>>> print(open('start_36.csv').read())   # CSV, C-alpha atoms and all ligand atoms
chain,number,residue,atom,x,y,z
M,90,MET,CA,-38.8,-0.5,-17.9
M,91,SER,CA,-35.0,-0.2,-17.7
M,92,LYS,CA,-33.6,2.2,-15.2
M,93,ASP,CA,-31.8,5.2,-16.5
M,94,ILE,CA,-28.5,4.2,-14.9
M,95,ILE,CA,-27.3,0.7,-14.6
M,96,THR,CA,-25.1,0.4,-11.5
M,97,VAL,CA,-22.2,-2.0,-11.3
M,98,THR,CA,-23.5,-3.6,-8.2
M,99,SER,CA,-26.6,-3.8,-6.1
M,100,PRO,CA,-26.9,-5.3,-2.6
M,101,LEU,CA,-28.6,-8.5,-1.6
M,102,LEU,CA,-31.2,-7.3,0.9
M,103,PRO,CA,-33.2,-9.4,3.3
M,104,ASN,CA,-37.0,-9.1,3.4
M,105,LEU,CA,-37.7,-6.0,5.5
M,106,GLU,CA,-40.5,-7.5,7.5
M,107,ASP,CA,-38.4,-10.5,8.3
M,108,PHE,CA,-35.6,-8.2,9.4
M,109,ASN,CA,-38.0,-6.2,11.5
M,110,ASP,CA,-39.1,-9.4,13.3
M,111,LEU,CA,-35.5,-10.1,14.2
M,112,LEU,CA,-34.8,-6.5,15.2
M,113,LYS,CA,-37.8,-6.7,17.6
M,114,GLN,CA,-36.2,-9.8,19.2
M,115,ILE,CA,-33.0,-7.9,19.6
M,116,TRP,CA,-34.8,-4.9,21.1
M,117,ASP,CA,-36.7,-7.1,23.5
M,118,SER,CA,-33.5,-8.9,24.6
M,119,LYS,CA,-31.5,-5.6,24.9
M,120,TRP,CA,-28.4,-7.6,23.9
M,121,ILE,CA,-27.1,-5.7,20.9
M,122,THR,CA,-23.5,-6.7,20.7
M,123,ASN,CA,-20.7,-8.7,22.5
M,124,ASN,CA,-21.1,-12.3,21.3
M,125,GLY,CA,-24.9,-12.3,21.4
M,126,SER,CA,-27.3,-15.0,20.3
M,127,PHE,CA,-27.4,-13.9,16.6
M,128,HIS,CA,-23.7,-13.6,16.4
M,129,LYS,CA,-23.3,-17.2,17.7
M,130,GLN,CA,-26.1,-18.4,15.3
M,131,LEU,CA,-24.5,-16.8,12.3
M,132,GLU,CA,-21.0,-18.2,13.1
M,133,ALA,CA,-22.5,-21.7,13.3
M,134,ALA,CA,-24.7,-21.3,10.2
M,135,LEU,CA,-21.8,-19.9,8.1
M,136,ALA,CA,-19.4,-22.7,9.2
M,137,GLU,CA,-22.0,-25.2,8.0
M,138,TYR,CA,-22.8,-23.4,4.8
M,139,LEU,CA,-19.2,-22.7,3.9
M,140,LYS,CA,-18.1,-26.3,4.8
M,141,VAL,CA,-15.4,-25.0,7.2
M,142,PRO,CA,-14.6,-26.0,10.8
M,143,TYR,CA,-14.5,-22.6,12.5
M,144,VAL,CA,-15.7,-19.0,11.7
M,145,SER,CA,-15.0,-15.9,13.6
M,146,LEU,CA,-17.2,-12.9,12.6
M,147,PHE,CA,-15.7,-9.5,12.2
M,148,THR,CA,-17.0,-5.9,11.5
M,149,ASN,CA,-15.4,-5.9,8.0
M,150,GLY,CA,-13.0,-7.8,5.8
M,151,THR,CA,-10.0,-5.6,6.5
M,152,LEU,CA,-9.6,-6.2,10.2
M,153,PRO,CA,-9.5,-10.0,10.0
M,154,LEU,CA,-6.5,-9.6,7.6
M,155,ILE,CA,-4.8,-7.3,10.1
M,156,THR,CA,-5.7,-9.7,13.0
M,157,ALA,CA,-4.5,-12.8,11.2
M,158,LEU,CA,-1.1,-11.3,10.7
M,159,GLN,CA,-1.0,-10.4,14.4
M,160,ALA,CA,-2.2,-13.8,15.5
M,161,LEU,CA,0.5,-15.6,13.5
M,162,ARG,CA,3.1,-13.1,14.6
M,163,ILE,CA,4.1,-12.4,11.0
M,164,THR,CA,7.0,-10.0,10.6
M,165,GLY,CA,9.6,-8.9,8.0
M,166,GLU,CA,8.5,-9.4,4.4
M,167,VAL,CA,5.3,-11.0,3.0
M,168,ILE,CA,4.8,-12.0,-0.6
M,169,THR,CA,1.6,-10.7,-2.0
M,170,THR,CA,-0.2,-9.6,-5.2
M,171,PRO,CA,-0.6,-6.1,-6.5
M,172,TYR,CA,-3.8,-7.1,-8.3
M,173,SER,CA,-6.3,-6.7,-5.5
M,174,PHE,CA,-8.2,-4.2,-3.4
M,175,VAL,CA,-5.8,-2.0,-1.5
M,176,ALA,CA,-6.9,-3.4,1.9
M,177,THR,CA,-4.8,-6.5,1.2
M,178,THR,CA,-1.5,-4.6,1.2
M,179,HIS,CA,-2.7,-2.0,3.8
M,180,ALA,CA,-3.1,-4.9,6.3
M,181,LEU,CA,0.6,-5.6,5.9
M,182,TRP,CA,1.5,-2.0,6.2
M,183,TRP,CA,-0.5,-1.6,9.4
M,184,ASN,CA,1.5,-4.5,10.9
M,185,GLY,CA,4.9,-2.9,9.9
M,186,ILE,CA,5.4,-5.6,7.3
M,187,LYS,CA,7.1,-5.0,4.0
M,188,PRO,CA,5.0,-6.2,1.0
M,189,VAL,CA,6.8,-7.9,-1.7
M,190,PHE,CA,4.8,-8.0,-4.9
M,191,VAL,CA,4.9,-10.9,-7.4
M,192,ASP,CA,3.1,-11.1,-10.7
M,193,ILE,CA,-0.2,-12.8,-11.5
M,194,ASP,CA,-1.4,-15.5,-13.9
M,195,TRP,CA,-3.3,-14.1,-16.9
M,196,ASN,CA,-5.7,-17.1,-16.7
M,197,THR,CA,-7.0,-16.5,-13.2
M,198,GLY,CA,-5.8,-13.0,-12.1
M,199,CYS,CA,-4.3,-14.7,-9.0
M,200,MET,CA,-0.7,-14.8,-7.8
M,201,ASP,CA,1.5,-16.9,-10.2
M,202,PRO,CA,3.1,-19.6,-8.0
M,203,ASN,CA,6.0,-19.8,-10.4
M,204,LYS,CA,7.0,-16.3,-9.4
M,205,ILE,CA,7.0,-16.8,-5.6
M,206,GLU,CA,10.4,-18.6,-5.0
M,207,ALA,CA,12.4,-15.9,-6.7
M,208,ALA,CA,10.9,-13.3,-4.3
M,209,ILE,CA,11.7,-15.2,-1.1
M,210,THR,CA,14.5,-13.7,1.1
M,211,PRO,CA,15.7,-14.5,4.7
M,212,LYS,CA,13.1,-12.0,5.9
M,213,THR,CA,10.1,-13.6,4.2
M,214,THR,CA,7.7,-15.1,6.8
M,215,ALA,CA,4.4,-15.5,4.9
M,216,ILE,CA,2.5,-15.5,1.6
M,217,MET,CA,-0.7,-13.5,1.3
M,218,PRO,CA,-2.5,-14.5,-1.9
M,219,VAL,CA,-5.9,-13.3,-3.0
M,220,HIS,CA,-8.7,-15.5,-4.7
M,221,VAL,CA,-9.3,-12.6,-6.9
M,222,TYR,CA,-12.9,-12.3,-8.3
M,223,GLY,CA,-13.5,-15.5,-6.4
M,224,LYS,CA,-11.3,-17.5,-8.8
M,225,PRO,CA,-9.4,-20.0,-6.7
M,226,CYS,CA,-5.6,-19.6,-6.4
M,227,ASP,CA,-3.4,-22.6,-7.1
M,228,THR,CA,-3.5,-23.5,-3.4
M,229,LYS,CA,-1.5,-26.7,-3.8
M,230,ALA,CA,1.4,-25.1,-5.5
M,231,ILE,CA,1.4,-22.2,-3.0
M,232,GLN,CA,1.3,-24.7,0.0
M,233,ASP,CA,4.2,-26.7,-1.5
M,234,ILE,CA,6.3,-23.6,-1.6
M,235,ALA,CA,5.2,-22.5,1.9
M,236,ASP,CA,6.1,-25.9,3.3
M,237,LYS,CA,9.5,-26.0,1.6
M,238,TYR,CA,10.5,-22.6,3.0
M,239,GLY,CA,8.6,-22.8,6.3
M,240,LEU,CA,6.2,-19.9,5.5
M,241,LYS,CA,2.7,-19.2,6.7
M,242,VAL,CA,-0.1,-18.7,4.2
M,243,ILE,CA,-3.0,-16.2,4.8
M,244,TYR,CA,-5.6,-16.1,2.0
M,245,ASP,CA,-7.5,-12.9,1.4
M,246,ALA,CA,-10.7,-14.7,0.4
M,247,ALA,CA,-12.8,-11.5,0.4
M,248,HIS,CA,-14.3,-12.5,-2.9
M,249,ALA,CA,-14.4,-16.2,-2.4
M,250,PHE,CA,-17.6,-16.8,-0.5
M,251,GLY,CA,-18.9,-20.3,-1.1
M,252,VAL,CA,-16.2,-21.1,-3.7
M,253,GLU,CA,-15.3,-24.8,-3.8
M,254,VAL,CA,-12.7,-26.9,-5.7
M,255,ASP,CA,-13.7,-30.5,-6.2
M,256,GLY,CA,-16.3,-30.2,-3.5
M,257,GLU,CA,-13.9,-28.7,-0.9
M,258,SER,CA,-14.1,-25.1,0.2
M,259,VAL,CA,-11.2,-22.9,-0.9
M,260,LEU,CA,-11.5,-21.3,2.5
M,261,ASN,CA,-9.8,-24.4,4.1
M,262,ALA,CA,-6.5,-23.7,2.3
M,263,GLY,CA,-3.5,-22.1,4.0
M,264,ASP,CA,-3.3,-21.2,7.7
M,265,MET,CA,-6.2,-18.8,7.7
M,266,SER,CA,-8.6,-17.2,5.2
M,267,THR,CA,-10.5,-14.0,5.5
M,268,LEU,CA,-13.8,-12.9,4.0
M,269,SER,CA,-15.5,-9.6,3.4
M,270,PHE,CA,-19.3,-9.2,3.8
M,271,HIS,CA,-19.3,-5.7,2.5
M,272,ALA,CA,-22.5,-4.5,0.8
M,273,THR,CA,-20.9,-5.0,-2.7
M,274,LYS,CA,-20.1,-8.7,-2.1
M,275,VAL,CA,-22.1,-11.8,-3.1
M,276,TYR,CA,-23.1,-12.2,0.5
M,277,ASN,CA,-23.3,-9.1,2.7
M,278,THR,CA,-24.0,-8.1,6.2
M,279,ILE,CA,-23.9,-4.4,5.2
M,280,GLU,CA,-20.4,-4.1,6.6
M,281,GLY,CA,-18.8,-7.3,7.9
M,282,GLY,CA,-16.3,-10.0,7.5
M,283,ALA,CA,-15.0,-13.2,8.9
M,284,MET,CA,-11.9,-15.3,9.5
M,285,ILE,CA,-11.8,-19.0,8.8
M,286,MET,CA,-9.5,-21.2,10.8
M,287,HIS,CA,-8.8,-24.9,11.2
M,288,ASP,CA,-8.9,-25.5,15.0
M,289,ALA,CA,-10.7,-24.4,18.2
M,290,LYS,CA,-7.5,-23.1,19.8
M,291,THR,CA,-6.9,-20.6,17.0
M,292,LYS,CA,-10.6,-19.6,17.0
M,293,GLN,CA,-10.3,-18.9,20.7
M,294,ARG,CA,-7.2,-16.8,20.2
M,295,ILE,CA,-8.8,-14.8,17.3
M,296,ASP,CA,-12.0,-14.3,19.4
M,297,TYR,CA,-9.7,-12.7,22.1
M,298,LEU,CA,-7.9,-10.6,19.6
M,299,LYS,CA,-11.1,-9.1,18.1
M,300,ASN,CA,-12.2,-8.2,21.6
M,301,PHE,CA,-9.3,-6.1,22.7
M,302,GLY,CA,-7.4,-9.2,23.8
M,303,PHE,CA,-9.8,-9.9,26.7
M,304,ALA,CA,-9.6,-13.6,27.8
M,305,GLY,CA,-11.9,-13.0,30.7
M,306,GLU,CA,-13.4,-10.3,32.8
M,307,THR,CA,-10.0,-9.0,34.1
M,308,GLU,CA,-7.5,-10.6,31.9
M,309,VAL,CA,-6.0,-9.2,28.7
M,310,VAL,CA,-3.7,-11.6,26.8
M,311,ALA,CA,-2.7,-9.6,23.8
M,312,PRO,CA,-2.9,-6.0,22.4
M,313,GLY,CA,-6.2,-6.8,20.6
M,314,ILE,CA,-8.5,-4.7,18.5
M,315,ASN,CA,-12.2,-4.2,18.6
M,316,SER,CA,-13.8,-5.9,15.6
M,317,LYS,CA,-16.9,-7.7,16.9
M,318,MET,CA,-19.9,-8.0,14.7
M,319,ASP,CA,-23.0,-6.6,16.3
M,320,GLU,CA,-26.4,-8.3,16.7
M,321,MET,CA,-28.2,-6.3,14.0
M,322,ARG,CA,-25.7,-7.2,11.3
M,323,SER,CA,-25.6,-10.9,12.5
M,324,ALA,CA,-29.4,-11.1,12.3
M,325,TYR,CA,-29.3,-9.5,8.8
M,326,GLY,CA,-26.6,-12.0,7.8
M,327,LEU,CA,-28.7,-15.0,8.9
M,328,LEU,CA,-31.6,-13.8,6.7
M,329,ASN,CA,-29.2,-13.2,3.7
M,330,LEU,CA,-27.7,-16.6,4.1
M,331,LYS,CA,-31.1,-18.1,3.3
M,332,GLN,CA,-31.2,-16.4,-0.1
M,333,VAL,CA,-27.6,-16.4,-1.1
M,334,ASP,CA,-27.9,-19.6,-3.2
M,335,ALA,CA,-30.7,-18.1,-5.3
M,336,ALA,CA,-28.6,-14.9,-5.7
M,337,ILE,CA,-25.6,-16.8,-6.9
M,338,GLU,CA,-27.7,-18.8,-9.4
M,339,ALA,CA,-29.2,-15.5,-10.7
M,340,ARG,CA,-25.6,-14.2,-11.2
M,341,HIS,CA,-24.7,-17.4,-12.9
M,342,GLN,CA,-27.5,-16.8,-15.5
M,343,VAL,CA,-26.1,-13.2,-16.0
M,344,ALA,CA,-22.7,-14.7,-16.7
M,345,ILE,CA,-24.2,-17.2,-19.2
M,346,MET,CA,-25.8,-14.3,-21.1
M,347,TYR,CA,-22.6,-12.2,-21.1
M,348,ARG,CA,-20.5,-15.1,-22.3
M,349,LYS,CA,-22.9,-16.0,-25.1
M,350,ALA,CA,-23.0,-12.5,-26.4
M,351,LEU,CA,-19.3,-11.7,-26.0
M,352,ARG,CA,-17.8,-15.0,-27.2
M,353,ASN,CA,-17.0,-13.9,-30.7
M,354,VAL,CA,-16.3,-10.2,-30.1
M,355,GLU,CA,-12.8,-9.5,-31.4
M,356,GLY,CA,-10.6,-8.0,-28.8
M,357,ILE,CA,-12.8,-8.8,-25.8
M,358,GLU,CA,-11.6,-11.5,-23.5
M,359,PHE,CA,-13.3,-13.1,-20.5
M,360,TRP,CA,-13.0,-16.2,-18.4
M,361,ASP,CA,-15.1,-19.3,-18.5
M,362,ASP,CA,-15.8,-21.5,-15.5
M,363,MET,CA,-12.9,-23.5,-14.3
M,364,PRO,CA,-13.3,-27.3,-14.3
M,365,GLY,CA,-14.3,-28.8,-10.9
M,366,VAL,CA,-14.9,-25.3,-9.4
M,367,LYS,CA,-18.1,-24.1,-7.9
M,368,HIS,CA,-18.0,-20.4,-8.7
M,369,ASN,CA,-19.9,-17.6,-7.0
M,370,TYR,CA,-20.1,-15.2,-10.0
M,371,SER,CA,-19.1,-12.3,-7.8
M,372,TYR,CA,-17.7,-10.3,-10.7
M,373,PHE,CA,-17.6,-10.5,-14.5
M,374,PRO,CA,-14.4,-8.9,-15.7
M,375,ILE,CA,-13.7,-8.4,-19.4
M,376,PHE,CA,-10.3,-7.5,-20.8
M,377,VAL,CA,-10.1,-5.1,-23.7
M,378,ASP,CA,-7.3,-5.5,-26.3
M,379,ALA,CA,-7.2,-2.0,-27.7
M,380,GLU,CA,-5.6,-3.0,-31.0
M,381,LYS,CA,-8.0,-5.8,-31.8
M,382,TYR,CA,-11.1,-4.1,-30.4
M,383,GLY,CA,-10.4,-0.8,-32.0
M,384,MET,CA,-10.9,1.1,-28.8
M,385,THR,CA,-9.0,1.4,-25.5
M,386,ARG,CA,-10.4,0.1,-22.2
M,387,ASP,CA,-10.8,3.7,-21.0
M,388,GLU,CA,-12.6,4.7,-24.2
M,389,LEU,CA,-15.0,1.9,-23.8
M,390,TYR,CA,-15.4,2.5,-20.0
M,391,PHE,CA,-16.3,6.2,-20.5
M,392,LYS,CA,-18.5,5.5,-23.5
M,393,MET,CA,-20.5,3.0,-21.4
M,394,LYS,CA,-20.7,5.5,-18.6
M,395,GLN,CA,-22.0,8.2,-20.9
M,396,GLN,CA,-24.8,5.8,-21.9
M,397,GLY,CA,-25.6,5.1,-18.2
M,398,VAL,CA,-23.9,1.8,-18.0
M,399,LEU,CA,-21.5,1.8,-15.1
M,400,GLY,CA,-18.6,-0.7,-15.2
M,401,ARG,CA,-15.7,-0.6,-12.8
M,402,ARG,CA,-12.0,-0.6,-13.5
M,403,TYR,CA,-11.4,-3.1,-10.8
M,404,PHE,CA,-8.4,-3.3,-10.2
M,405,TYR,CA,-6.9,-0.2,-11.5
M,406,PRO,CA,-4.5,1.3,-10.6
M,407,LEU,CA,-2.5,-1.6,-9.3
M,408,ILE,CA,-1.8,-1.4,-5.5
M,409,SER,CA,1.9,-1.2,-6.4
M,410,ASN,CA,1.2,2.1,-8.1
M,411,PHE,CA,-0.2,3.9,-5.1
M,412,SER,CA,2.1,6.4,-3.4
M,413,THR,CA,2.5,4.2,-0.3
M,414,TYR,CA,3.9,1.3,-2.3
M,415,ARG,CA,5.3,2.5,-5.5
M,416,GLY,CA,8.8,3.1,-4.1
M,417,LEU,CA,9.2,-0.6,-3.2
M,418,PRO,CA,11.7,-2.5,-5.3
M,419,SER,CA,9.1,-5.1,-6.2
M,420,ALA,CA,6.6,-2.5,-7.4
M,421,THR,CA,8.1,-1.9,-10.8
M,422,LYS,CA,6.2,-2.4,-14.1
M,423,GLU,CA,9.0,-4.8,-15.2
M,424,ASN,CA,8.4,-7.0,-12.2
M,425,LEU,CA,4.7,-7.0,-12.8
M,426,PRO,CA,4.0,-7.2,-16.5
M,427,ILE,CA,0.8,-9.4,-16.4
M,428,ALA,CA,-0.7,-7.5,-13.5
M,429,THR,CA,0.0,-4.2,-15.3
M,430,LYS,CA,-1.6,-5.5,-18.5
M,431,MET,CA,-4.7,-6.8,-16.7
M,432,SER,CA,-5.2,-3.6,-14.8
M,433,GLU,CA,-4.9,-1.6,-18.0
M,434,GLU,CA,-7.4,-3.8,-19.9
M,435,VAL,CA,-10.1,-4.7,-17.3
M,436,ILE,CA,-13.6,-3.6,-16.9
M,437,CYS,CA,-15.9,-5.4,-14.5
M,438,LEU,CA,-19.4,-5.4,-16.0
M,439,PRO,CA,-22.5,-4.9,-13.8
M,440,MET,CA,-23.2,-8.1,-11.9
M,441,TYR,CA,-25.9,-8.7,-9.4
M,442,HIS,CA,-28.9,-11.0,-8.8
M,443,THR,CA,-31.5,-8.4,-9.8
M,444,LEU,CA,-30.0,-7.4,-13.1
M,445,SER,CA,-32.9,-7.7,-15.7
M,446,ASN,CA,-32.6,-9.2,-19.1
M,447,GLU,CA,-33.4,-5.7,-20.5
M,448,ASP,CA,-30.5,-4.2,-18.6
M,449,ILE,CA,-28.2,-7.0,-19.8
M,450,VAL,CA,-29.2,-6.2,-23.4
M,451,LYS,CA,-28.5,-2.5,-22.8
M,452,ILE,CA,-25.0,-3.3,-21.3
M,453,LEU,CA,-24.1,-5.6,-24.2
M,454,GLU,CA,-25.2,-3.1,-26.8
M,455,GLN,CA,-22.4,-0.9,-25.6
M,456,ILE,CA,-19.8,-3.5,-26.1
M,457,VAL,CA,-20.9,-5.7,-29.0
M,458,LYS,CA,-20.5,-3.7,-32.2
B,501,LIG,C1,-9.8,-8.4,-2.0
B,501,LIG,C2,-10.3,-7.6,-0.9
B,501,LIG,N1,-9.7,-7.6,0.3
B,501,LIG,C3,-10.1,-7.0,1.4
B,501,LIG,C4,-11.3,-6.2,1.3
B,501,LIG,C5,-11.7,-5.4,2.5
B,501,LIG,O1,-13.0,-5.7,2.9
B,501,LIG,P1,-13.9,-4.7,3.6
B,501,LIG,O2,-14.3,-3.7,2.7
B,501,LIG,O3,-15.0,-5.5,4.1
B,501,LIG,O4,-13.1,-4.1,4.8
B,501,LIG,C6,-12.0,-6.1,0.1
B,501,LIG,C7,-13.2,-5.3,0.0
B,501,LIG,O5,-13.6,-4.8,-1.0
B,501,LIG,C8,-11.5,-6.8,-1.1
B,501,LIG,O6,-12.1,-6.8,-2.2
>>> encode(input="start_36.csv", output="structure tokens")
Amino acid sequence: MSKDIITVTSPLLPNLEDFNDLLKQIWDSKWITNNGSFHKQLEAALAEYLKVPYVSLFTNGTLPLITALQALRITGEVITTPYSFVATTHALWWNGIKPVFVDIDWNTGCMDPNKIEAAITPKTTAIMPVHVYGKPCDTKAIQDIADKYGLKVIYDAAHAFGVEVDGESVLNAGDMSTLSFHATKVYNTIEGGAMIMHDAKTKQRIDYLKNFGFAGETEVVAPGINSKMDEMRSAYGLLNLKQVDAAIEARHQVAIMYRKALRNVEGIEFWDDMPGVKHNYSYFPIFVDAEKYGMTRDELYFKMKQQGVLGRRYFYPLISNFSTYRGLPSATKENLPIATKMSEEVICLPMYHTLSNEDIVKILEQIVK
């Protein structure tokens, strides 16, 4: 039987008995946080799974962004995208940095590298792109520009867990990448996140910064923050790592069904897999062309909702339209035509590993006329 309401997401949960076994170990050890055994195990297991040299675990996906900017001493202006979750830009604001928005590429939703150079000023110190929906940015083009102008690159890779291009993790691009392990993500630790870096020295510095700046019992080397992942979430994360491949494959099958049914629906656009890319199927955005489809995005979104099918207008509104940012010179609609169009046309369809065929049929009935 289909549920009455089809939610847009549903978390990947470890087997409760397995989790209880690990909780028992934690209770027995009485070591519940501060770089405990499960924390260390999860960092090592993630580095191996993600094919990256170093991982530092965090309590969520926002604090590694804020910390990366601190660690690299980024100041002045940073070039970023308005088509993301608001945490991307908030991380800049919390560091007293001015966000400079550039437009996105319609084919990926990611920052358009062709728009970056025109936005660079003497105050620009870094670029902060987002692998939106887990679709990889054009990391080569972005790095070429960064190298030419001497800029740092920090990727908000909150959506890009496990994504690879030609067999290489996208998380290895740029100076640092950050991940979110929030409950809604492909891989979750309830709340959680991580930073990916290239060398042991940077990992050491980040580990200091996420622990108040402590470099030893009595030494504080920087004004750090507290963002250490505790033992319960680390243990939960170890269990979820064992089942994440199966969850991604189940999502892949959902994407195949969606694409098959929506391929010839006039006015509905979606993305196919990119050549050479290992996707994680974290989201399934569709784009509604009101004129061709005969209904606006919002009309479709609310019709679906009324029928118990919850989509998400993700990302709407654009970050550049929120009160904190809309006064910025780069926040205008004229500067961001593609991002504006995408945010006005997008609906992310329900996407998770336990979505039943029956539910998928019910969702598609709302869209395919
Ligand atoms: C693109 C992006 N960046 C950052 C974050 C923040 O992650 P968290 O919710 O784990 O703090 C999210 C979370 O939804 C996100 O989607």
>>> closest_atom_pairs(input="start_36.csv", of="region 251-328 of chain M", to="region 333-350 of chain M", cutoff="10 Å", atoms="only C-alpha atoms", output="JSON lines")
{"residue": "M:Gly251", "atom": "CA", "partner": "M:Asp334", "partner_atom": "CA", "distance": 9.3}
{"residue": "M:Val275", "atom": "CA", "partner": "M:Ile337", "partner_atom": "CA", "distance": 7.2}
{"residue": "M:Tyr276", "atom": "CA", "partner": "M:Val333", "partner_atom": "CA", "distance": 6.4}
{"residue": "M:Asn277", "atom": "CA", "partner": "M:Val333", "partner_atom": "CA", "distance": 9.3}
{"residue": "M:Gly326", "atom": "CA", "partner": "M:Val333", "partner_atom": "CA", "distance": 10.0}
{"residue": "M:Leu328", "atom": "CA", "partner": "M:Val333", "partner_atom": "CA", "distance": 9.1}
>>> residues_near_ligand(input="start_36.csv", ligand="ligand LIG 501 (chain B)", cutoff="8 Å", atoms="all atoms listed in the file", output="list in words")
Thr148, Asn149, Gly150, Thr151, Leu152, Leu154, Ser173, Phe174, Val175, Ala176, Thr177, Val219, His220, Val221, Asp245, Ala246, Ala247, His248, Leu268, Ser269, Phe270, His271, Thr273, Lys274, Glu280, Gly281 and Gly282 of chain M
>>> axis_aligned_box(input="start_36.csv", around="region 143-152 of chain M", padding_each_side="5 Å", output="AutoDock Vina command-line options")
--center_x -13.4 --center_y -14.1 --center_z 9.7 --size_x 17.6 --size_y 27.0 --size_z 17.8
>>> closest_residue(input="start_36.csv", among="M:Pro312, M:Gly416, M:Gly223, M:Gly356", to="Arg386 (chain M)", atoms="all atoms listed in the file")
M:Gly356
>>> closest_residue(input="start_36.csv", among="M:Pro188, M:Gly313, M:Pro225, M:Gly263", to="Ala208 (chain M)", atoms="all atoms listed in the file")
M:Pro188
>>> closest_residue(input="start_36.csv", among="M:Met363, M:Pro103, M:Ala215, M:Ile95", to="Asp227 (chain M)", atoms="only C-alpha atoms")
M:Met363
>>> residues_around(input="start_36.csv", residues="Phe127 (chain M)", least_positions_apart="2", cutoff="8 Å", atoms="all atoms listed in the file", output="list in words")
Gly125, Lys129, Gln130, Leu131, Glu320, Ser323, Ala324 and Leu327 of chain M
>>> atom_distance(input="start_36.csv", atom1="CA of Thr278 (chain M)", atom2="CA of Lys299 (chain M)")
17.6 Å
>>> residues_near_point(input="start_36.csv", point="(-5.4, -16.5, -14.3)", cutoff="12 Å", atoms="only C-alpha atoms", output="ChimeraX atom specification")
/M:172,192-202,219-227,359-363,374,427-428,431
>>> closest_atom_pairs(input="start_36.csv", of="region 178-207 of chain M", to="region 159-171 of chain M", cutoff="6 Å", atoms="only C-alpha atoms", output="tab-separated table")
residue	atom	partner	partner_atom	distance
M:Ile186	CA	M:Gly165	CA	5.4
M:Lys187	CA	M:Glu166	CA	4.6
M:Pro188	CA	M:Val167	CA	5.2
M:Val189	CA	M:Ile168	CA	4.7
M:Phe190	CA	M:Thr169	CA	5.1
M:Val191	CA	M:Thr170	CA	5.7
M:Met200	CA	M:Thr170	CA	5.8
>>> write_last_selection(input="start_36.csv", atoms="C-alpha atoms", output="compact mmCIF listing (two decimals), in the frame of the given file")
# COMPACT_ATOMS: atom_id res chain seq x y z
CA ILE M 186 5.40 -5.60 7.30
CA LYS M 187 7.10 -5.00 4.00
CA PRO M 188 5.00 -6.20 1.00
CA VAL M 189 6.80 -7.90 -1.70
CA PHE M 190 4.80 -8.00 -4.90
CA VAL M 191 4.90 -10.90 -7.40
CA MET M 200 -0.70 -14.80 -7.80
>>> closest_residue(input="start_36.csv", among="M:Gln396, M:Ile279, M:Met321, M:Lys458", to="Ile357 (chain M)", atoms="all atoms listed in the file")
M:Lys458
>>> atom_distance(input="start_36.csv", atom1="CA of Asn369 (chain M)", atom2="CA of Asp288 (chain M)")
25.8 Å
>>> closest_residue(input="start_36.csv", among="M:Gly305, M:Pro211, M:Gly397, M:Gly185", to="Tyr238 (chain M)", atoms="only C-alpha atoms")
M:Pro211
>>> atom_distance(input="start_36.csv", atom1="CA of Leu146 (chain M)", atom2="CA of Phe373 (chain M)")
27.2 Å
>>> residues_around(input="start_36.csv", residues="Phe376 (chain M)", least_positions_apart="6", cutoff="12 Å", atoms="all atoms listed in the file", output="PDB file with C-alpha atoms, in the frame of the given file")
ATOM      1  CA  TRP M 195      -3.300 -14.100 -16.900  1.00  0.00           C
ATOM      2  CA  ASN M 196      -5.700 -17.100 -16.700  1.00  0.00           C
ATOM      3  CA  GLY M 198      -5.800 -13.000 -12.100  1.00  0.00           C
ATOM      4  CA  LEU M 351     -19.300 -11.700 -26.000  1.00  0.00           C
ATOM      5  CA  VAL M 354     -16.300 -10.200 -30.100  1.00  0.00           C
ATOM      6  CA  GLU M 355     -12.800  -9.500 -31.400  1.00  0.00           C
ATOM      7  CA  GLY M 356     -10.600  -8.000 -28.800  1.00  0.00           C
ATOM      8  CA  ILE M 357     -12.800  -8.800 -25.800  1.00  0.00           C
ATOM      9  CA  GLU M 358     -11.600 -11.500 -23.500  1.00  0.00           C
ATOM     10  CA  PHE M 359     -13.300 -13.100 -20.500  1.00  0.00           C
ATOM     11  CA  TRP M 360     -13.000 -16.200 -18.400  1.00  0.00           C
ATOM     12  CA  TYR M 382     -11.100  -4.100 -30.400  1.00  0.00           C
ATOM     13  CA  MET M 384     -10.900   1.100 -28.800  1.00  0.00           C
ATOM     14  CA  THR M 385      -9.000   1.400 -25.500  1.00  0.00           C
ATOM     15  CA  ARG M 386     -10.400   0.100 -22.200  1.00  0.00           C
ATOM     16  CA  ASP M 387     -10.800   3.700 -21.000  1.00  0.00           C
ATOM     17  CA  LEU M 389     -15.000   1.900 -23.800  1.00  0.00           C
ATOM     18  CA  TYR M 390     -15.400   2.500 -20.000  1.00  0.00           C
ATOM     19  CA  ARG M 401     -15.700  -0.600 -12.800  1.00  0.00           C
ATOM     20  CA  ARG M 402     -12.000  -0.600 -13.500  1.00  0.00           C
ATOM     21  CA  TYR M 403     -11.400  -3.100 -10.800  1.00  0.00           C
ATOM     22  CA  PHE M 404      -8.400  -3.300 -10.200  1.00  0.00           C
ATOM     23  CA  LYS M 430      -1.600  -5.500 -18.500  1.00  0.00           C
ATOM     24  CA  MET M 431      -4.700  -6.800 -16.700  1.00  0.00           C
ATOM     25  CA  SER M 432      -5.200  -3.600 -14.800  1.00  0.00           C
ATOM     26  CA  GLU M 433      -4.900  -1.600 -18.000  1.00  0.00           C
ATOM     27  CA  GLU M 434      -7.400  -3.800 -19.900  1.00  0.00           C
ATOM     28  CA  VAL M 435     -10.100  -4.700 -17.300  1.00  0.00           C
ATOM     29  CA  ILE M 436     -13.600  -3.600 -16.900  1.00  0.00           C
ATOM     30  CA  CYS M 437     -15.900  -5.400 -14.500  1.00  0.00           C
ATOM     31  CA  LEU M 438     -19.400  -5.400 -16.000  1.00  0.00           C
ATOM     32  CA  ILE M 456     -19.800  -3.500 -26.100  1.00  0.00           C
TER      33      ILE M 456
END
